[in-house]
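Structure first, then comments.
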Amino acid sequence: MHMFNCPGGTMADDPQRNFRSAYYEKVGFRGVEEKKSLEILLKDNPLDLEKLSTFSQRFPLPSMYRIHVWKVLLGILPPHSDSHALVGGYRKEQYQDILEALEVMRYINSSTPSTHVYLRMFQLESQTLPRCSETSSPDEENEDFLSISRAMEEIVDDPVDCYWLVKCFVNQYHTKFGDSVPHLPKSLEHYLSQEEPRLLNHLKNSGALHQLPYNLWFRCCFAGCLPESSLQRVWDKVISGSCKILVFVALEILLSYKIILMGINRPEGMVKFLCNIPQENTDAIVTKAIDLWHKYSGTLIHAI
Amino acid sequence: MSREQASISELLLSLDSSELQEAERVRAAVNQQLSTDKGGAVLSSVVEYYLDSSSSQALLLLSSIREPHHKVLLEKLNESVSRSGTRLGALTLLGHLIRKQPPWVHHISRSPLLLSLLRCLKTDSDVVVLITGVLVLVTLLPMIPQAGKQHINDFFDVFGRLASRSCKNPGHEPVAHLVHLHAGTYSLFHRLYGMFPCSFISYLRLHYSMKENLDTFQEVVKPMLEHVRVHPELVTGTQDYELDPSRWRCYEVHDIVIECSRVSLDPLESSCEEDICSSSCSLITPLPLTPLPHLDLTCSPPVTDTVSSSGSSVCPLGSRCVPQLNLNTCTQPDDVTWSPALHCGLSTPPSERTALGSTHPLSRSTSMSGEKLPSSASILEAPPTKEPDRSQVRMVKDGEGLTCQPITEGEEQGLSDLVNNNREDVKDESQQPSPRLITSTPTQASGIPLPPCFTTPHPRFEEPGSALSDYSPSSPYDPLFELALPRAAMLFVGKKTQEVLEKKGGGPQRENREEEVTSVSPLKVLDQLIARGNNAHDCLSRRLSAGSKSVDRSHSGGSTQEEELQSLTNQLLLVHAQLQYERFKRQQHAIRNRRLLRRVINATTLEEQSAAMKSQLGVQDEEIRSLRASLDEEQRRYSALQRDTRTRSGQLHTHIAHLLQLQRDEQRESQRLQGELQECQSRLQDLEAELQKANYRAYNAEHQLTQLSVKLCSSEQLHQQMFLLNQQLVLLGETNKALQQQLEGGETQRCTEASMLQCSVGKEFLRLKDNDVQQRQKLEAANHRITELESQQARKDQLILSQKKLLEDTKNQNRAELSASESRCATLRRVTQALQTEMLQLYGQIVGGGAHPNGELQDVSRSDSRALPDAQGSQKSLLPFSSAVGIMNGAVEVLSTSPMSLSLSPIDSPLAVGSFLEQRARQLFRPTDQNQEEEVEVGEEEVNVQPASPPLGQEVEEASLPVGSPQTEPLSQAADPIVAPVDLTLAVQQRRHELSIMDYDETLPHI
């Protein structure tokens, strides 16, 4: 709604575009129109963050613009495209500063894996860097960070961008959804009771409901659970401001492997299976989950 | 094997022992051996034993042979039949066996035995063998009717051969044998005719159309044909059909036998069953009766009776027997010869059998006696004519008893008693004449070689006379018969009337009848022969038993006696065969009778059922009748009710019509009233309108009246005014007059003055007009000016807005950039912090590791680390001023030494930015400000600020260079732990400077 209300080219050919996009969708070319409209959005100076996030919520992001949009949405790049180069420079310098400092301090060396480098950098930035002598094995939070950064490393090639994206993603996730994350399991239970009460009952009866890998799902945002190609579509939605999608992805995973889960009675077995779900049809699961998410947050669809 | 054989033969020898127990034991033993016999050796030995001894025990054993052993038996028999020596014995054995009807009898039709039997019949010349064979064949035929298909022509050939043989007698056999042969042929004729009529007739036609066979036909076959009626199959059947084996499927043996006897007209051959089929009413009484005549004929006692009766021809006492026999025969034909013609009362078909039956006893006696005793016949004539009344009365009495039977079934027993009584009477009476008869037999015995003349002319006049005379005087009882039993009476009366008619008809008719009668049944001839044989035997045996050697015997020698004995034994054999055959027939009839009795019982039960049904029907009829009556009653009531309803409905209809009429009237009335009502209403409305109009008029008038009164008042006032004005007018007129007089004196002077004044006024007016135009133009110009200015102002506003927006935009941009660099700065600070911590730690390690740790140093490091946050906190506010100092003094070197603070300085301090912007804004807006006072102020400020401003801009430019340039590396390198404290002290110094400069800056205007 908001996206098309603003003056400019988008408003003028709105109905036609709607018709055309509907047609394209029917034929099977999804994303043709999205790409165009995203390009139009990205042409704006300064970039409208609200419109971008709305777009990202509604449509899948074309992969060629994904990193850019993420950077803009996470505030790594400012909305003014004029200052992108400058700010990008800053970011890079900052990265290098930290990297060098850490090298000097012997926290890292050339053989340190990049994810650990990112972790140290993040710790340094958040002033939680332990003493070099006191370096202990990474705790749970660090593990989350590490898995997220592992996933991000697969998505992004440039280490500077990667570090910044990981950092900003983690920060944004904690600041924005830190309060709502503890409620997500309840929400999952609610939607499961609507979609498949039998499975819910099975989970309840077997006692697996409280042992589900919530940490993997809602703290790591499925990093390490889904392959990156699927994961980045989920993160699109997370970055654009919705943590509800995580609930639906989890729900869809449960629904997709309903038969297998019904066959397992031991909660440990279920958790083990859910932590290592097969990687084949995750794309379909994510698609279904997004559809389901749209269905349940129907206001979003109808509002636009 | 041989031992077994021997034991068998020994056993067989003791089979016919006189001791009963011994015989029984032996028979059981042989039986057992027979049942376990495999190769048929025992069986064949038994057969041979029989052929040798014709033992009855062996016959019994053989007749109990079971199914699997029959083949051996048949083979053995076949073998024996083929051998001429054992042929007769084998045939006799075969006859005995098949009379028992064993279950395997149908296998004979396929066995070679039948073929050999037929062959023997066709080829053998021994009469005894032939007769035995033909009787076996006749007995066998009904058992294997399907064999006709293959062997029919053989049968016919056998028949043809035997017929010609019995006629021509090529082997010059004794006459007695011929008689037997003739009887056998006769039986075969009946069987063949009964079973295969079409084929047989066609064969006869073919065979006897040949000339050489003609006399055979005349003598043998034609008389036989006279004893059969037309077979129905001759009409409906064909040769193929009657040879079809499936035709016999539903027939049993006795069925076929009866079927054959049914077409026979010979009472000795035929059965009485036709009644059963045709007249169901009187079927029960003849049944028990029918066997009786046969028994009479076949069993020996009656034979003697007949003989005695024949003998009675000589004796007048025997005349009583004739009617007795007559009675028996009479009752039989009465039932047997029932035909549709008789039933209808027609007399056209001559009731031959009646005649036959009635004449038989006589013809028999005559034929027997022959021409030799013509006198006896004449004698015979007398007694019946003498005693007609007696015999007739008896007969009528008996007839009454008999004819009553069909109605009263229960008296059956009585009847049989009666018959028995009759027979006993006969016996009693016959016993008396018998000795006399025997005495007469020698003459008859001597007449054995008599040629059997079946067609010999008989004494004609006596027999019919006797027969007819039996019936003639019975007319007085006719009505009684009619009352007692309509049908029987009618038959009886019809018969009598016919006979009477015949009697009246006279000679020629009688002649014809005689002609017909002459063809005597061969069986009868045989009977007589047997009877005579018996007599002869008796005589002979008596003569032999007397023991006295007769002259005859010595004369004739042993040879004649031997011959006679031989012929007698032969005859005995033949008679025996004949007897067996007749017995077989009797058995068949008995079987059939039993069956028929069952059928009768069924029929009676059915009748009873039908009677019960009839009674039920009557009851139901009654019910129906009553129901019908009630139905009628109901209908009547219904019609009455309907009528009632009709009248009631008619009344109601008229009432309704009346009411409708009334309603219509009422409606019309109401309509009329409504019309009036409407009229009244409209009139009322009119009146109301008029009333309103009148009211309106009244109000109008009132209003006018008030107006008029007002006008009146005013007019009165006007009148007064007018009066006053008139007075004034008068006064004014007077004054006017006075003034006109005055005016006429000074009028010219005043004219110039007025024109001058007028001119000046005009000029003044023109001037003012011009002025006005001028003013208006000015106004327009001003207005124009105003709009112009307004548009200018709007443009400016817009410009300002865009500027503001741009400003905001830039601000945002800068803020974003700032935040990025800020974050970098913060990070750097963190890095520094971390480095410092690291350093301090290292330092601590060094100190701790070298000697006793210096407390001061630790303190310093501690204070430093404590002071560091403070310094950082103050840096934000202080560093800008240091930059300002730098700018003021132009000391670029100092700045370069502390690049960190420099890089932050221009942007980080809001105050500095504010002042800078302020100055820029003032510079920008200076030309637009037209206010003098402001100009003055600005001027003053310019004086104060201008010396500082140009280097400041330069400094900014210069300072921005190191920020963009990659001097960050030396910067970070410069951030060595050793350099940092120096920087800090410098910063403190700079701060102090700045403070003073600020003071100077502040105080400057005041100076």
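Chain labels follow the order of the structure tokens: the first chain is A, the next B, and so on; residue numbering restarts at 1 in every chain, and ligands are counted from 1 in their shown order.
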
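Every chain A residue lying within 8 Å of chain B, based on only C-alpha atoms, is listed here: Pro78, Pro79, His80, Ser83, Leu86, Val87, Tyr90, Arg91, Glu93, Gln94, Asp97, Ile98, Ala101, Met105, Leu124, Glu125, Gln127 and Arg131 of chain A.
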
Restrict the selected residues to N, CA, C and O atoms and save them as an mmCIF file, in the first residue's frame.
data_model
loop_
_atom_site.group_PDB
_atom_site.id
_atom_site.type_symbol
_atom_site.label_atom_id
_atom_site.label_comp_id
_atom_site.auth_asym_id
_atom_site.auth_seq_id
_atom_site.Cartn_x
_atom_site.Cartn_y
_atom_site.Cartn_z
ATOM 1 N N PRO A 78 24.237 3.609 4.039
ATOM 2 C CA PRO A 78 23.212 4.629 4.319
ATOM 3 C C PRO A 78 22.201 4.702 3.184
ATOM 4 O O PRO A 78 22.465 4.184 2.098
ATOM 5 N N PRO A 79 21.090 5.325 3.430
ATOM 6 C CA PRO A 79 20.094 5.418 2.358
ATOM 7 C C PRO A 79 20.579 6.282 1.193
ATOM 8 O O PRO A 79 20.095 6.091 0.074
ATOM 9 N N HIS A 80 21.426 7.185 1.440
ATOM 10 C CA HIS A 80 21.907 8.041 0.346
ATOM 11 C C HIS A 80 22.951 7.300 -0.452
ATOM 12 O O HIS A 80 23.996 6.932 0.084
ATOM 13 N N SER A 83 26.654 8.630 -0.605
ATOM 14 C CA SER A 83 27.634 8.387 0.446
ATOM 15 C C SER A 83 27.995 6.916 0.600
ATOM 16 O O SER A 83 28.669 6.555 1.552
ATOM 17 N N LEU A 86 31.751 6.396 0.391
ATOM 18 C CA LEU A 86 32.431 6.897 1.574
ATOM 19 C C LEU A 86 32.229 5.952 2.750
ATOM 20 O O LEU A 86 33.184 5.498 3.390
ATOM 21 N N VAL A 87 30.941 5.628 2.967
ATOM 22 C CA VAL A 87 30.615 4.792 4.124
ATOM 23 C C VAL A 87 31.210 3.407 3.940
ATOM 24 O O VAL A 87 31.736 2.825 4.897
ATOM 25 N N TYR A 90 34.613 3.568 4.993
ATOM 26 C CA TYR A 90 34.700 3.558 6.457
ATOM 27 C C TYR A 90 34.597 2.133 6.978
ATOM 28 O O TYR A 90 35.339 1.705 7.844
ATOM 29 N N ARG A 91 33.605 1.464 6.432
ATOM 30 C CA ARG A 91 33.344 0.120 6.951
ATOM 31 C C ARG A 91 34.551 -0.769 6.746
ATOM 32 O O ARG A 91 34.942 -1.528 7.637
ATOM 33 N N GLU A 93 37.636 0.145 6.365
ATOM 34 C CA GLU A 93 38.739 0.558 7.229
ATOM 35 C C GLU A 93 38.532 0.042 8.625
ATOM 36 O O GLU A 93 39.444 -0.495 9.265
ATOM 37 N N GLN A 94 37.292 0.190 9.055
ATOM 38 C CA GLN A 94 36.993 -0.261 10.400
ATOM 39 C C GLN A 94 37.310 -1.748 10.526
ATOM 40 O O GLN A 94 37.930 -2.189 11.498
ATOM 41 N N ASP A 97 40.981 -2.226 10.598
ATOM 42 C CA ASP A 97 41.529 -1.784 11.883
ATOM 43 C C ASP A 97 41.407 -2.893 12.901
ATOM 44 O O ASP A 97 42.373 -3.250 13.584
ATOM 45 N N ILE A 98 40.182 -3.379 12.992
ATOM 46 C CA ILE A 98 39.934 -4.388 14.019
ATOM 47 C C ILE A 98 40.776 -5.622 13.733
ATOM 48 O O ILE A 98 41.373 -6.210 14.633
ATOM 49 N N ALA A 101 44.290 -5.025 14.673
ATOM 50 C CA ALA A 101 44.421 -4.989 16.127
ATOM 51 C C ALA A 101 44.415 -6.400 16.680
ATOM 52 O O ALA A 101 45.232 -6.745 17.533
ATOM 53 N N MET A 105 47.323 -8.296 18.610
ATOM 54 C CA MET A 105 47.131 -8.835 19.947
ATOM 55 C C MET A 105 47.230 -10.344 19.964
ATOM 56 O O MET A 105 46.999 -10.982 20.987
ATOM 57 N N LEU A 124 35.274 -7.984 20.139
ATOM 58 C CA LEU A 124 36.036 -6.756 20.371
ATOM 59 C C LEU A 124 35.127 -5.564 20.286
ATOM 60 O O LEU A 124 35.166 -4.671 21.120
ATOM 61 N N GLU A 125 34.288 -5.585 19.307
ATOM 62 C CA GLU A 125 33.394 -4.421 19.112
ATOM 63 C C GLU A 125 32.390 -4.309 20.224
ATOM 64 O O GLU A 125 31.986 -3.222 20.595
ATOM 65 N N GLN A 127 32.901 -5.267 23.185
ATOM 66 C CA GLN A 127 33.699 -5.181 24.411
ATOM 67 C C GLN A 127 33.544 -6.440 25.260
ATOM 68 O O GLN A 127 33.491 -6.371 26.479
ATOM 69 N N ARG A 131 40.221 -12.056 27.640
ATOM 70 C CA ARG A 131 41.685 -11.935 27.613
ATOM 71 C C ARG A 131 42.235 -13.071 26.765
ATOM 72 O O ARG A 131 41.654 -14.170 26.714
#

Exercise for review: Based on DSSP run over this structure's backbone, return all residues of stretch 78-283 of chain A in helix (DSSP H, G or I), as a PyMOL selection string.
Suggested key: chain A and resi 81-104+114-125+140-155+159-177+181-195+197-206+209-211+214-219+228-239+244-256+258-263+267-275+282-283

Practice item. For atom CA of A:Gln172 and atom CA of A:Trp235, determine how far apart the two atoms are, in Å to one decimal place. Key: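 Atom-to-atom, atom CA of A:Gln172 to atom CA of A:Trp235, that is 12.1 Å.
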
Point to revise | For A:Ile155: contacts at 10 Å, only C-alpha atoms, fewer than 5 positions along chain excluded, given as a list in words | key: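 Here the qualifying residues turn out to be Ser63, Arg66, Ile67, Ser149, Arg150, Cys162, Glu228, Ser229, Leu231 and Gln232 of chain A.
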
**Study point:** Counting only C-alpha atoms, the option among A:Leu292, A:Leu203, A:Leu42, A:Cys275 closest to A:Gly263
**Key:** A:Leu203

Practice item. Calculate how many Å separate atom CA of B:Leu641 from atom CA of B:Asp621, rounding to one decimal. Key: 29.5 Å

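Coordinates place atom CA of B:Gln717 at a distance of 21.3 Å from atom CA of B:His703.
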
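If you count only C-alpha atoms and ignore residues fewer than 6 places along the chain from B:Pro103, what sits within 10 Å of it is Ile65, Arg66, Glu67 and His70 of chain B.
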
Practice item. Find the spatial neighbours of stretch 171-181 of chain B, counting only C-alpha atoms, within a cut-off of 10 Å - ignore same-chain residues fewer than 2 positions away - and output them as a PyMOL selection string. Key: chain B and resi 125-128+130-132+134-135+162-163+165-169+183-187+448-452+522-530+533+567-568+570-571+574-575+577-578

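Within the 8 Å cut-off around A:Leu49, using only C-alpha atoms and omitting residues fewer than 2 positions from it on the same chain, the listed residues are Leu47, Lys51, Leu52, Ser53, Val72, Leu73 and Pro79 of chain A.
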
So that I have them on file, write out the residues from the current selection with all heavy atoms, as a compact mmCIF listing (two decimals), in the first residue's frame.
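Saved result, part-v5.txt, follows:
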# COMPACT_ATOMS: atom_id res chain seq x y z
N LEU A 47 17.26 6.24 -0.55
CA LEU A 47 16.45 5.01 -0.61
C LEU A 47 15.41 5.02 0.49
O LEU A 47 15.67 5.47 1.61
CB LEU A 47 17.34 3.78 -0.39
CG LEU A 47 18.41 3.56 -1.44
CD1 LEU A 47 19.40 2.54 -0.94
CD2 LEU A 47 17.78 3.10 -2.73
N LYS A 51 9.87 1.19 2.14
CA LYS A 51 9.41 0.52 0.91
C LYS A 51 10.23 -0.73 0.65
O LYS A 51 9.71 -1.79 0.27
CB LYS A 51 9.55 1.47 -0.28
CG LYS A 51 8.36 2.37 -0.46
CD LYS A 51 8.40 2.98 -1.83
CE LYS A 51 8.26 4.48 -1.77
NZ LYS A 51 8.53 5.10 -3.05
N LEU A 52 11.53 -0.60 0.90
CA LEU A 52 12.41 -1.74 0.63
C LEU A 52 12.04 -2.92 1.53
O LEU A 52 11.96 -4.08 1.07
CB LEU A 52 13.86 -1.35 0.85
CG LEU A 52 14.60 -0.82 -0.37
CD1 LEU A 52 16.01 -0.44 0.03
CD2 LEU A 52 14.63 -1.85 -1.48
N SER A 53 11.79 -2.61 2.76
CA SER A 53 11.49 -3.73 3.66
C SER A 53 10.13 -4.33 3.31
O SER A 53 9.96 -5.56 3.37
CB SER A 53 11.53 -3.27 5.11
OG SER A 53 10.57 -2.27 5.31
N VAL A 72 21.63 -2.31 2.93
CA VAL A 72 20.87 -1.08 3.14
C VAL A 72 19.93 -1.27 4.32
O VAL A 72 19.83 -0.40 5.19
CB VAL A 72 20.10 -0.71 1.86
CG1 VAL A 72 19.14 0.42 2.14
CG2 VAL A 72 21.06 -0.34 0.77
N LEU A 73 19.23 -2.42 4.32
CA LEU A 73 18.23 -2.63 5.36
C LEU A 73 18.88 -2.76 6.74
O LEU A 73 18.29 -2.34 7.73
CB LEU A 73 17.42 -3.90 5.07
CG LEU A 73 16.38 -3.78 3.96
CD1 LEU A 73 15.76 -5.13 3.70
CD2 LEU A 73 15.30 -2.77 4.32
N PRO A 79 21.09 5.32 3.43
CA PRO A 79 20.09 5.42 2.36
C PRO A 79 20.58 6.28 1.19
O PRO A 79 20.09 6.09 0.07
CB PRO A 79 18.88 6.06 3.03
CG PRO A 79 19.16 6.15 4.47
CD PRO A 79 20.61 5.90 4.69

Review point. Residues at most 10 Å from A:Leu246, counting only C-alpha atoms, excluding those fewer than 6 positions away in the same chain, as a ChimeraX atom specification?
Key: /A:181,184,188,217-219,221-222,234-235,237-238,252,286,289-290,293

For the selection just defined, write its residues with N, CA and C atoms to a file, as a CSV table (one decimal), in the first residue's frame.
chain,number,residue,atom,x,y,z
A,181,VAL,N,11.5,-13.4,20.8
A,181,VAL,CA,12.1,-14.7,20.5
A,181,VAL,C,11.6,-15.8,21.6
A,184,LEU,N,8.3,-17.4,20.7
A,184,LEU,CA,8.1,-18.1,19.4
A,184,LEU,C,7.7,-19.6,19.6
A,188,LEU,N,4.5,-21.3,17.7
A,188,LEU,CA,4.6,-22.5,16.9
A,188,LEU,C,3.6,-23.6,17.3
A,217,TRP,N,16.5,-23.2,15.7
A,217,TRP,CA,15.5,-22.5,14.8
A,217,TRP,C,15.4,-21.0,15.1
A,218,PHE,N,15.3,-20.7,16.3
A,218,PHE,CA,15.0,-19.3,16.7
A,218,PHE,C,16.1,-18.4,17.1
A,219,ARG,N,17.3,-19.1,17.4
A,219,ARG,CA,18.4,-18.3,17.8
A,219,ARG,C,19.4,-18.3,16.6
A,221,CYS,N,18.4,-18.8,13.7
A,221,CYS,CA,17.6,-18.5,12.5
A,221,CYS,C,17.9,-19.6,11.4
A,222,PHE,N,17.9,-20.8,11.8
A,222,PHE,CA,18.0,-22.0,10.9
A,222,PHE,C,19.4,-22.1,10.2
A,234,VAL,N,14.7,-17.1,3.8
A,234,VAL,CA,14.2,-16.9,5.1
A,234,VAL,C,14.7,-15.7,5.7
A,235,TRP,N,16.0,-15.5,5.5
A,235,TRP,CA,16.6,-14.3,6.1
A,235,TRP,C,16.2,-13.0,5.5
A,237,LYS,N,13.3,-12.3,4.9
A,237,LYS,CA,12.1,-11.9,5.7
A,237,LYS,C,12.5,-11.4,7.1
A,238,VAL,N,13.5,-12.1,7.6
A,238,VAL,CA,14.0,-11.7,9.0
A,238,VAL,C,14.6,-10.4,8.9
A,252,GLU,N,6.5,-25.7,9.0
A,252,GLU,CA,6.4,-26.4,7.7
A,252,GLU,C,7.4,-27.6,7.8
A,286,VAL,N,10.5,-24.0,2.3
A,286,VAL,CA,10.5,-22.6,2.5
A,286,VAL,C,9.4,-21.9,1.8
A,289,ALA,N,6.3,-22.5,3.5
A,289,ALA,CA,6.3,-21.7,4.8
A,289,ALA,C,6.0,-20.3,4.5
A,290,ILE,N,6.6,-19.7,3.4
A,290,ILE,CA,6.3,-18.3,3.1
A,290,ILE,C,4.8,-18.2,2.8
A,293,TRP,N,2.9,-18.3,5.9
A,293,TRP,CA,3.1,-17.1,6.6
A,293,TRP,C,2.2,-16.0,6.0
